[in-house]
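K.L.:
Enclosed is the structure file entry-v1.pdb (PDB, C-alpha atoms).
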ATOM      1  CA  MET E   1     187.631 114.079 172.367
ATOM      2  CA  VAL E   2     185.083 115.811 174.598
ATOM      3  CA  ILE E   3     181.456 116.240 173.567
ATOM      4  CA  THR E   4     178.921 117.796 175.926
ATOM      5  CA  VAL E   5     175.302 116.686 175.602
ATOM      6  CA  ASP E   6     172.765 119.097 177.067
ATOM      7  CA  ASP E   7     169.554 117.081 177.236
ATOM      8  CA  ASP E   8     167.775 119.573 179.494
ATOM      9  CA  PRO E   9     168.136 123.083 178.036
ATOM     10  CA  VAL E  10     165.578 124.668 180.370
ATOM     11  CA  SER E  11     165.229 128.041 178.634
ATOM     12  CA  LEU E  12     164.646 126.434 175.223
ATOM     13  CA  VAL E  13     162.206 123.885 176.620
ATOM     14  CA  GLU E  14     160.303 126.625 178.478
ATOM     15  CA  LEU E  15     159.847 128.470 175.208
ATOM     16  CA  LEU E  16     158.640 125.347 173.429
ATOM     17  CA  TRP E  17     156.276 124.613 176.310
ATOM     18  CA  ILE E  18     154.874 128.180 176.222
ATOM     19  CA  ARG E  19     154.387 127.875 172.472
ATOM     20  CA  ASP E  20     152.499 124.584 172.754
ATOM     21  CA  ALA E  21     150.613 125.199 176.024
ATOM     22  CA  TRP E  22     149.267 128.543 174.866
ATOM     23  CA  ASP E  23     148.862 127.457 171.235
ATOM     24  CA  LEU E  24     151.103 130.244 169.962
ATOM     25  CA  ARG E  25     151.722 130.407 166.240
ATOM     26  CA  PRO E  26     154.952 132.422 166.087
ATOM     27  CA  ASP E  27     155.887 134.098 162.847
ATOM     28  CA  HIS E  28     159.214 132.318 162.419
ATOM     29  CA  ASP E  29     160.490 130.377 159.447
ATOM     30  CA  ASP E  30     162.430 127.714 161.352
ATOM     31  CA  VAL E  31     160.939 126.429 164.586
ATOM     32  CA  PRO E  32     161.075 122.871 165.919
ATOM     33  CA  PRO E  33     158.065 120.568 165.698
ATOM     34  CA  PRO E  34     155.642 120.312 168.637
ATOM     35  CA  LEU E  35     156.746 118.774 171.916
ATOM     36  CA  ALA E  36     156.574 114.972 171.921
ATOM     37  CA  ASP E  37     154.557 115.085 175.153
ATOM     38  CA  PRO E  38     152.578 118.289 174.660
ATOM     39  CA  PRO E  39     150.915 120.173 177.495
ATOM     40  CA  ASP E  40     147.194 120.770 177.300
ATOM     41  CA  PRO E  41     146.725 124.118 175.510
ATOM     42  CA  GLY E  42     145.098 126.814 177.584
ATOM     43  CA  VAL E  43     144.941 124.806 180.827
ATOM     44  CA  ASN E  44     147.165 127.182 182.705
ATOM     45  CA  GLY E  45     145.063 128.698 185.455
ATOM     46  CA  GLU E  46     145.754 132.248 184.305
ATOM     47  CA  ASP E  47     143.192 134.597 182.832
ATOM     48  CA  GLU E  48     145.006 137.813 181.978
ATOM     49  CA  VAL E  49     147.623 137.144 179.342
ATOM     50  CA  ASP E  50     148.381 139.033 176.156
ATOM     51  CA  ILE E  51     148.655 136.248 173.574
ATOM     52  CA  GLN E  52     149.391 138.687 170.738
ATOM     53  CA  ALA E  53     152.332 140.198 172.642
ATOM     54  CA  TRP E  54     153.603 136.726 173.463
ATOM     55  CA  GLN E  55     153.296 135.559 169.892
ATOM     56  CA  ALA E  56     155.129 138.662 168.651
ATOM     57  CA  ALA E  57     157.929 138.298 171.235
ATOM     58  CA  TRP E  58     158.407 134.539 170.946
ATOM     59  CA  PRO E  59     160.612 134.485 167.785
ATOM     60  CA  GLU E  60     163.013 137.099 169.146
ATOM     61  CA  ILE E  61     163.354 135.301 172.489
ATOM     62  CA  TRP E  62     163.748 131.951 170.704
ATOM     63  CA  ASP E  63     166.544 133.267 168.476
ATOM     64  CA  ALA E  64     168.433 134.831 171.405
ATOM     65  CA  THR E  65     168.036 131.727 173.573
ATOM     66  CA  LEU E  66     169.093 129.455 170.711
ATOM     67  CA  ARG E  67     172.196 131.581 170.038
ATOM     68  CA  HIS E  68     173.156 131.290 173.706
ATOM     69  CA  ALA E  69     172.576 127.502 173.680
ATOM     70  CA  GLY E  70     175.029 127.264 170.792
ATOM     71  CA  GLU E  71     177.801 129.189 172.547
ATOM     72  CA  VAL E  72     180.701 127.589 174.348
ATOM     73  CA  LEU E  73     180.872 129.295 177.726
ATOM     74  CA  ASP E  74     184.167 130.710 178.872
ATOM     75  CA  PRO E  75     185.237 128.719 181.965
ATOM     76  CA  ALA E  76     186.600 131.965 183.408
ATOM     77  CA  LEU E  77     182.978 133.045 184.013
ATOM     78  CA  PHE E  78     182.603 130.308 186.625
ATOM     79  CA  ASP E  79     185.857 131.322 188.288
ATOM     80  CA  ALA E  80     184.818 134.975 188.244
ATOM     81  CA  ILE E  81     181.470 134.275 189.874
ATOM     82  CA  ARG E  82     183.187 132.713 192.882
ATOM     83  CA  GLY E  83     184.873 136.042 193.561
ATOM     84  CA  THR E  84     181.616 138.006 193.777
ATOM     85  CA  ALA E  85     179.317 138.616 196.724
ATOM     86  CA  ASN E  86     175.885 136.989 196.877
ATOM     87  CA  ASN E  87     173.220 139.135 195.186
ATOM     88  CA  SER E  88     175.784 141.704 194.079
ATOM     89  CA  PRO E  89     175.273 143.403 190.696
ATOM     90  CA  GLU E  90     178.518 141.777 189.475
ATOM     91  CA  ARG E  91     177.263 138.295 190.384
ATOM     92  CA  MET E  92     173.868 138.920 188.794
ATOM     93  CA  GLU E  93     175.543 140.079 185.566
ATOM     94  CA  LEU E  94     177.784 136.999 185.480
ATOM     95  CA  LEU E  95     174.835 134.683 186.184
ATOM     96  CA  ALA E  96     172.906 136.282 183.321
ATOM     97  CA  ARG E  97     175.856 135.664 180.983
ATOM     98  CA  ILE E  98     176.004 132.013 182.090
ATOM     99  CA  THR E  99     172.273 131.250 181.965
ATOM    100  CA  GLY E 100     171.492 133.381 178.931
ATOM    101  CA  PRO E 101     168.193 134.941 177.884
ATOM    102  CA  SER E 102     164.850 133.358 178.698
ATOM    103  CA  TRP E 103     161.097 133.792 178.551
ATOM    104  CA  ARG E 104     161.160 134.807 182.221
ATOM    105  CA  ASP E 105     163.417 137.786 181.440
ATOM    106  CA  ARG E 106     160.589 139.355 179.455
ATOM    107  CA  PHE E 107     157.420 137.956 181.037
ATOM    108  CA  GLY E 108     158.391 136.606 184.454
ATOM    109  CA  ASP E 109     156.552 133.457 185.525
ATOM    110  CA  THR E 110     153.410 134.441 183.639
ATOM    111  CA  GLY E 111     152.186 131.526 181.564
ATOM    112  CA  LEU E 112     154.371 128.957 183.297
ATOM    113  CA  VAL E 113     152.032 127.763 186.088
ATOM    114  CA  TRP E 114     152.069 124.149 184.904
ATOM    115  CA  PHE E 115     155.565 124.079 183.433
ATOM    116  CA  GLN E 116     157.378 122.670 186.476
ATOM    117  CA  PRO E 117     155.051 119.646 186.947
ATOM    118  CA  TRP E 118     155.328 118.925 183.216
ATOM    119  CA  GLN E 119     159.130 119.306 183.361
ATOM    120  CA  ALA E 120     159.337 116.946 186.361
ATOM    121  CA  SER E 121     157.369 114.287 184.471
ATOM    122  CA  GLN E 122     159.704 114.699 181.484
ATOM    123  CA  PHE E 123     162.743 114.290 183.737
ATOM    124  CA  ARG E 124     161.335 111.046 185.187
ATOM    125  CA  ARG E 125     160.576 109.727 181.697
ATOM    126  CA  ARG E 126     164.035 110.651 180.407
ATOM    127  CA  THR E 127     165.916 109.128 183.340
ATOM    128  CA  ALA E 128     163.865 105.912 183.141
ATOM    129  CA  SER E 129     164.913 105.471 179.513
ATOM    130  CA  LEU E 130     168.642 106.177 179.910
ATOM    131  CA  PRO E 131     170.953 103.602 178.322
ATOM    132  CA  THR E 132     172.379 101.132 180.815
ATOM    133  CA  SER E 133     175.615 100.388 178.979
ATOM    134  CA  THR E 134     178.225 102.256 176.954
ATOM    135  CA  GLU E 135     177.271 100.288 173.838
ATOM    136  CA  GLU E 136     173.711 101.613 174.060
ATOM    137  CA  GLN E 137     174.793 105.273 174.258
ATOM    138  CA  PRO E 138     173.732 107.171 171.108
ATOM    139  CA  GLU E 139     177.238 108.612 170.718
ATOM    140  CA  HIS E 140     178.794 105.145 170.854
ATOM    141  CA  ARG E 141     176.364 103.773 168.253
ATOM    142  CA  SER E 142     177.212 106.659 165.894
ATOM    143  CA  LEU E 143     180.884 106.913 166.783
ATOM    144  CA  ASP E 144     182.299 107.314 163.258
ATOM    145  CA  ALA E 145     179.952 110.209 162.450
ATOM    146  CA  LEU E 146     180.588 111.735 165.884
ATOM    147  CA  ILE E 147     184.370 111.638 165.434
ATOM    148  CA  ASN E 148     184.049 113.276 162.025
ATOM    149  CA  ALA E 149     181.790 116.022 163.443
ATOM    150  CA  TRP E 150     184.226 116.558 166.332
ATOM    151  CA  ARG E 151     187.083 116.922 163.834
ATOM    152  CA  HIS E 152     185.012 119.694 162.229
ATOM    153  CA  GLY E 153     184.638 121.468 165.588
ATOM    154  CA  LEU E 154     181.567 119.929 167.236
ATOM    155  CA  THR E 155     181.829 120.034 171.028
ATOM    156  CA  ARG E 156     178.182 120.432 172.079
ATOM    157  CA  ILE E 157     174.918 118.649 171.307
ATOM    158  CA  VAL E 158     171.696 120.224 172.585
ATOM    159  CA  THR E 159     168.577 118.075 172.532
ATOM    160  CA  ILE E 160     164.939 119.104 172.780
ATOM    161  CA  PRO E 161     161.946 116.846 173.524
ATOM    162  CA  CYS E 162     160.109 117.490 170.264
ATOM    163  CA  ARG E 163     158.372 115.099 167.890
ATOM    164  CA  GLY E 164     160.149 113.659 164.903
ATOM    165  CA  SER E 165     163.471 114.593 163.400
ATOM    166  CA  PHE E 166     164.818 118.140 163.545
ATOM    167  CA  THR E 167     168.471 119.189 163.454
ATOM    168  CA  ARG E 168     170.104 122.589 163.137
ATOM    169  CA  VAL E 169     173.650 123.845 163.444
ATOM    170  CA  ILE E 170     173.355 126.540 166.132
ATOM    171  CA  GLY E 171     176.915 127.737 166.375
ATOM    172  CA  PRO E 172     180.461 126.969 165.299
ATOM    173  CA  HIS E 173     180.641 124.150 167.856
ATOM    174  CA  ALA E 174     177.007 123.109 168.493
ATOM    175  CA  LEU E 175     174.102 121.134 167.066
ATOM    176  CA  LEU E 176     170.453 121.275 168.125
ATOM    177  CA  MET E 177     168.369 118.151 167.586
ATOM    178  CA  THR E 178     165.303 116.371 168.889
ATOM    179  CA  ASP E 179     165.595 113.539 171.389
ATOM    180  CA  GLU E 180     164.136 111.261 168.703
ATOM    181  CA  THR E 181     166.931 112.210 166.297
ATOM    182  CA  ARG E 182     169.611 111.365 168.857
ATOM    183  CA  ALA E 183     167.892 108.114 169.899
ATOM    184  CA  ASP E 184     167.986 106.586 166.402
ATOM    185  CA  ALA E 185     171.517 105.623 165.297
ATOM    186  CA  GLU E 186     170.909 106.191 161.571
ATOM    187  CA  THR E 187     169.147 109.537 162.036
ATOM    188  CA  PHE E 188     171.707 110.660 164.616
ATOM    189  CA  SER E 189     174.578 109.808 162.276
ATOM    190  CA  ALA E 190     172.895 111.772 159.465
ATOM    191  CA  ALA E 191     172.411 114.733 161.830
ATOM    192  CA  LEU E 192     176.072 114.629 162.855
ATOM    193  CA  ARG E 193     177.109 114.649 159.207
ATOM    194  CA  GLN E 194     175.417 118.066 158.857
ATOM    195  CA  PHE E 195     178.164 119.455 161.043
ATOM    196  CA  GLY E 196     181.150 120.617 159.075
ATOM    197  CA  SER E 197     179.785 119.613 155.699
TER
END
Please lay out the structure from this file as structure tokens.
P.N.:
Amino acid sequence: MVITVDDDPVSLVELLWIRDAWDLRPDHDDVPPPLADPPDPGVNGEDEVDIQAWQAAWPEIWDATLRHAGEVLDPALFDAIRGTANNSPERMELLARITGPSWRDRFGDTGLVWFQPWQASQFRRRTASLPTSTEEQPEHRSLDALINAWRHGLTRIVTIPCRGSFTRVIGPHALLMTDETRADAETFSAALRQFGS
């Protein structure tokens, strides 16, 4: 049994950060709750941004990025990239298929001035709270539910640093959930039971 846990899906977290930092209110019927450690809205050091365009584009970018996060990448992509020249169009196309869509594809670095310092603080917080033993691992504490989900095809868990509990099936082999959901054995087990039911 192999389960991959992606606890740092950069493109998804960037989108959530943009939403919260710029106080966007996207017209979307199913978005995660606010970030658990929200950035200060509007404190971004940039004057010329088109909030309406951002708000209109956010749902489409979110859906595309979420679809990509739920895909199982073909290992042949990584082999293929080794056979391409640096900066060649072939390599750039393969890299785009591996990394998937992002906010930066549409808007560049605009709006992300304070994202990297915030992301670095989140990384430090996350690594400081990592379990120190196998028994403390969320997957070990919810092993029965995890095995059942795996038998129904689950191979990937993607976590986001949002407040509260939020879980969605995002592909035939993937679940999206908040860090808080995964951290609590009972909530994590309930989230895993959504897969394949």
K.L.:
Nearest residue to Thr99 of chain E out of E:Arg168, E:Arg125, E:Arg156, E:His68, using all atoms listed in the file?
P.N.:
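Looking only at the distances to Thr99 of chain E, the closest residue turns out to be E:His68.
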K.L.:
Work out how far atom CA of Ala149 of chain E is from atom CA of Pro101 of chain E, in Å to one decimal.
P.N.:
27.4 Å
K.L.:
Report as a ChimeraX atom specification all protein, DNA and RNA residues lying within 10 Å of Val169 of chain E, evaluated on only C-alpha atoms, omitting residues in the same chain fewer than 6 positions from it.
P.N.:
/E:70,154,157,175-177,191-192,194-196
K.L.:
Include C-alpha atoms and write out the residues we just selected as a JSON list (two decimals), in the coordinates of the input.
P.N.:
[["chain", "number", "residue", "atom", "x", "y", "z"],
["E", 70, "GLY", "CA", 175.03, 127.26, 170.79],
["E", 154, "LEU", "CA", 181.57, 119.93, 167.24],
["E", 157, "ILE", "CA", 174.92, 118.65, 171.31],
["E", 175, "LEU", "CA", 174.10, 121.13, 167.07],
["E", 176, "LEU", "CA", 170.45, 121.28, 168.12],
["E", 177, "MET", "CA", 168.37, 118.15, 167.59],
["E", 191, "ALA", "CA", 172.41, 114.73, 161.83],
["E", 192, "LEU", "CA", 176.07, 114.63, 162.85],
["E", 194, "GLN", "CA", 175.42, 118.07, 158.86],
["E", 195, "PHE", "CA", 178.16, 119.46, 161.04],
["E", 196, "GLY", "CA", 181.15, 120.62, 159.07]]
K.L.:
Report the distance between atom CA of Arg19 of chain E and atom CA of Gln52 of chain E in Å, rounded to one decimal place.
P.N.:
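Going from atom CA of Arg19 of chain E over to atom CA of Gln52 of chain E covers 12.0 Å.
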K.L.:
What's around segment 59-62 of chain E at 9 Å? Count all atoms listed in the file, leave out sequence neighbours fewer than 2 positions away in its own chain, and write the answer as a count of residues only.
P.N.:
19
K.L.:
Please return, as a list of chain:residue names, all polymer residues that have at least one atom within 9 Å of the point (159.8, 114.6, 170.2); use all atoms listed in the file and the file's own coordinate frame.
P.N.:
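Checking each residue against the 9 Å limit leaves E:Pro33, E:Pro34, E:Leu35, E:Ala36, E:Asp37, E:Ile160, E:Pro161, E:Cys162, E:Arg163, E:Gly164, E:Ser165, E:Thr178, E:Asp179, E:Glu180, E:Thr181.
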K.L.:
Using all atoms listed in the file, which protein or nucleic acid residues come within 10 Å of Ile18 of chain E? Drop anything in the same chain fewer than 3 positions from it, and give the result as a tab-separated table (two decimals) with C-alpha atoms, in the frame of the given file.
P.N.:
chain	number	residue	atom	x	y	z
E	12	LEU	CA	164.65	126.43	175.22
E	13	VAL	CA	162.21	123.88	176.62
E	14	GLU	CA	160.30	126.62	178.48
E	15	LEU	CA	159.85	128.47	175.21
E	21	ALA	CA	150.61	125.20	176.02
E	22	TRP	CA	149.27	128.54	174.87
E	23	ASP	CA	148.86	127.46	171.24
E	24	LEU	CA	151.10	130.24	169.96
E	39	PRO	CA	150.92	120.17	177.50
E	41	PRO	CA	146.72	124.12	175.51
E	42	GLY	CA	145.10	126.81	177.58
E	54	TRP	CA	153.60	136.73	173.46
E	55	GLN	CA	153.30	135.56	169.89
E	58	TRP	CA	158.41	134.54	170.95
E	103	TRP	CA	161.10	133.79	178.55
E	110	THR	CA	153.41	134.44	183.64
E	111	GLY	CA	152.19	131.53	181.56
E	112	LEU	CA	154.37	128.96	183.30
E	114	TRP	CA	152.07	124.15	184.90
E	115	PHE	CA	155.56	124.08	183.43
K.L.:
With distances taken over only C-alpha atoms, which of E:Glu71, E:Glu93, E:Asp109, E:Glu186 is nearest to Leu146 of chain E?
P.N.:
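The answer is E:Glu186, which sits nearest to Leu146 of chain E.
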K.L.:
Taking the file as shown, find all residues satisfying the PyMOL selection byres ((chain E and resi 77) around 12) and write them as an mmCIF file with C-alpha atoms, keeping the file's coordinate frame.
P.N.:
data_model
loop_
_atom_site.group_PDB
_atom_site.id
_atom_site.type_symbol
_atom_site.label_atom_id
_atom_site.label_comp_id
_atom_site.auth_asym_id
_atom_site.auth_seq_id
_atom_site.Cartn_x
_atom_site.Cartn_y
_atom_site.Cartn_z
ATOM 1 C CA VAL E 72 180.701 127.589 174.348
ATOM 2 C CA LEU E 73 180.872 129.295 177.726
ATOM 3 C CA ASP E 74 184.167 130.710 178.872
ATOM 4 C CA PRO E 75 185.237 128.719 181.965
ATOM 5 C CA ALA E 76 186.600 131.965 183.408
ATOM 6 C CA PHE E 78 182.603 130.308 186.625
ATOM 7 C CA ASP E 79 185.857 131.322 188.288
ATOM 8 C CA ALA E 80 184.818 134.975 188.244
ATOM 9 C CA ILE E 81 181.470 134.275 189.874
ATOM 10 C CA ARG E 82 183.187 132.713 192.882
ATOM 11 C CA GLY E 83 184.873 136.042 193.561
ATOM 12 C CA THR E 84 181.616 138.006 193.777
ATOM 13 C CA GLU E 90 178.518 141.777 189.475
ATOM 14 C CA ARG E 91 177.263 138.295 190.384
ATOM 15 C CA MET E 92 173.868 138.920 188.794
ATOM 16 C CA GLU E 93 175.543 140.079 185.566
ATOM 17 C CA LEU E 94 177.784 136.999 185.480
ATOM 18 C CA LEU E 95 174.835 134.683 186.184
ATOM 19 C CA ALA E 96 172.906 136.282 183.321
ATOM 20 C CA ARG E 97 175.856 135.664 180.983
ATOM 21 C CA ILE E 98 176.004 132.013 182.090
ATOM 22 C CA THR E 99 172.273 131.250 181.965
#
K.L.:
What is the distance between atom CA of Ser142 of chain E and atom CA of Gln119 of chain E, in Å to one decimal?
P.N.:
28.1 Å
K.L.:
Please write C-alpha atoms of segment 54-171 of chain E, from the structure given just now, as a tab-separated table (two decimals), in the first residue's frame.
P.N.:
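Wrote it out as part-v1.tsv, contents follow:
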chain	number	residue	atom	x	y	z
E	54	TRP	CA	-8.75	38.66	-10.05
E	55	GLN	CA	-12.04	37.83	-8.40
E	56	ALA	CA	-13.53	36.79	-11.75
E	57	ALA	CA	-10.50	34.63	-12.67
E	58	TRP	CA	-10.00	33.00	-9.27
E	59	PRO	CA	-12.69	30.25	-9.55
E	60	GLU	CA	-11.47	29.10	-12.97
E	61	ILE	CA	-7.84	28.96	-11.82
E	62	TRP	CA	-8.87	27.20	-8.59
E	63	ASP	CA	-10.82	24.52	-10.47
E	64	ALA	CA	-7.97	23.86	-12.92
E	65	THR	CA	-5.35	23.77	-10.17
E	66	LEU	CA	-7.52	21.49	-8.03
E	67	ARG	CA	-8.07	19.10	-10.96
E	68	HIS	CA	-4.31	18.91	-11.47
E	69	ALA	CA	-3.71	18.30	-7.73
E	70	GLY	CA	-6.06	15.33	-7.96
E	71	GLU	CA	-4.28	13.71	-10.90
E	72	VAL	CA	-1.76	10.92	-10.59
E	73	LEU	CA	1.22	12.00	-12.67
E	74	ASP	CA	2.60	9.61	-15.22
E	75	PRO	CA	6.15	8.68	-14.11
E	76	ALA	CA	7.15	8.70	-17.78
E	77	LEU	CA	6.95	12.52	-17.66
E	78	PHE	CA	9.93	12.61	-15.31
E	79	ASP	CA	11.88	10.25	-17.54
E	80	ALA	CA	10.98	12.30	-20.61
E	81	ILE	CA	12.15	15.55	-19.05
E	82	ARG	CA	15.63	14.13	-18.54
E	83	GLY	CA	15.94	13.71	-22.30
E	84	THR	CA	15.25	17.37	-23.08
E	85	ALA	CA	17.61	20.33	-23.26
E	86	ASN	CA	17.51	23.06	-20.62
E	87	ASN	CA	15.03	25.82	-21.54
E	88	SER	CA	13.89	23.97	-24.65
E	89	PRO	CA	10.21	24.23	-25.64
E	90	GLU	CA	9.86	20.46	-25.04
E	91	ARG	CA	11.20	20.78	-21.48
E	92	MET	CA	8.98	23.78	-20.74
E	93	GLU	CA	5.91	21.87	-21.97
E	94	LEU	CA	6.78	18.85	-19.83
E	95	LEU	CA	7.41	21.05	-16.77
E	96	ALA	CA	4.02	22.70	-17.27
E	97	ARG	CA	2.36	19.27	-17.37
E	98	ILE	CA	4.14	18.28	-14.15
E	99	THR	CA	3.56	21.49	-12.18
E	100	GLY	CA	0.09	22.20	-13.53
E	101	PRO	CA	-1.76	25.51	-13.77
E	102	SER	CA	-1.22	28.32	-11.28
E	103	TRP	CA	-2.05	31.91	-10.43
E	104	ARG	CA	1.32	32.94	-11.86
E	105	ASP	CA	0.37	31.57	-15.29
E	106	ARG	CA	-2.31	34.24	-15.57
E	107	PHE	CA	-1.03	37.11	-13.42
E	108	GLY	CA	2.69	36.53	-12.91
E	109	ASP	CA	4.02	37.53	-9.49
E	110	THR	CA	1.50	40.34	-9.13
E	111	GLY	CA	-0.16	40.16	-5.74
E	112	LEU	CA	2.36	37.73	-4.28
E	113	VAL	CA	4.91	40.14	-2.74
E	114	TRP	CA	4.45	38.77	0.78
E	115	PHE	CA	3.60	35.18	-0.13
E	116	GLN	CA	7.11	33.73	0.21
E	117	PRO	CA	7.76	35.08	3.75
E	118	TRP	CA	4.33	33.81	4.80
E	119	GLN	CA	5.02	30.42	3.16
E	120	ALA	CA	8.40	30.16	4.92
E	121	SER	CA	6.75	30.79	8.30
E	122	GLN	CA	4.16	28.10	7.52
E	123	PHE	CA	6.91	25.64	6.61
E	124	ARG	CA	8.70	26.28	9.93
E	125	ARG	CA	5.44	25.84	11.85
E	126	ARG	CA	4.59	22.63	10.01
E	127	THR	CA	8.02	21.05	10.44
E	128	ALA	CA	8.10	21.95	14.15
E	129	SER	CA	4.84	20.07	14.67
E	130	LEU	CA	5.70	16.90	12.73
E	131	PRO	CA	5.02	13.63	14.57
E	132	THR	CA	8.13	12.10	16.09
E	133	SER	CA	7.02	8.48	15.95
E	134	THR	CA	5.14	6.18	13.59
E	135	GLU	CA	2.33	5.80	16.14
E	136	GLU	CA	1.72	9.56	16.05
E	137	GLN	CA	1.40	9.69	12.25
E	138	PRO	CA	-2.18	10.57	11.22
E	139	GLU	CA	-2.26	7.66	8.76
E	140	HIS	CA	-1.22	5.21	11.47
E	141	ARG	CA	-3.88	6.49	13.89
E	142	SER	CA	-6.57	6.07	11.21
E	143	LEU	CA	-5.16	2.92	9.64
E	144	ASP	CA	-8.42	0.97	9.24
E	145	ALA	CA	-10.13	3.84	7.41
E	146	LEU	CA	-6.99	4.45	5.34
E	147	ILE	CA	-6.79	0.81	4.24
E	148	ASN	CA	-10.45	0.87	3.24
E	149	ALA	CA	-9.96	4.09	1.24
E	150	TRP	CA	-6.87	2.61	-0.43
E	151	ARG	CA	-8.89	-0.47	-1.40
E	152	HIS	CA	-11.30	1.94	-3.10
E	153	GLY	CA	-8.45	3.54	-5.06
E	154	LEU	CA	-7.06	6.29	-2.81
E	155	THR	CA	-3.37	6.89	-3.48
E	156	ARG	CA	-3.02	10.63	-2.77
E	157	ILE	CA	-3.96	12.96	0.07
E	158	VAL	CA	-3.54	16.70	-0.50
E	159	THR	CA	-3.70	18.94	2.55
E	160	ILE	CA	-4.25	22.69	2.76
E	161	PRO	CA	-3.59	24.95	5.77
E	162	CYS	CA	-7.17	26.15	6.19
E	163	ARG	CA	-9.30	26.54	9.30
E	164	GLY	CA	-11.63	23.81	10.44
E	165	SER	CA	-12.72	20.68	8.65
E	166	PHE	CA	-13.03	20.53	4.87
E	167	THR	CA	-12.72	17.43	2.69
E	168	ARG	CA	-13.40	16.86	-0.99
E	169	VAL	CA	-12.76	14.01	-3.38
E	170	ILE	CA	-10.71	15.67	-6.14
E	171	GLY	CA	-10.12	12.77	-8.47
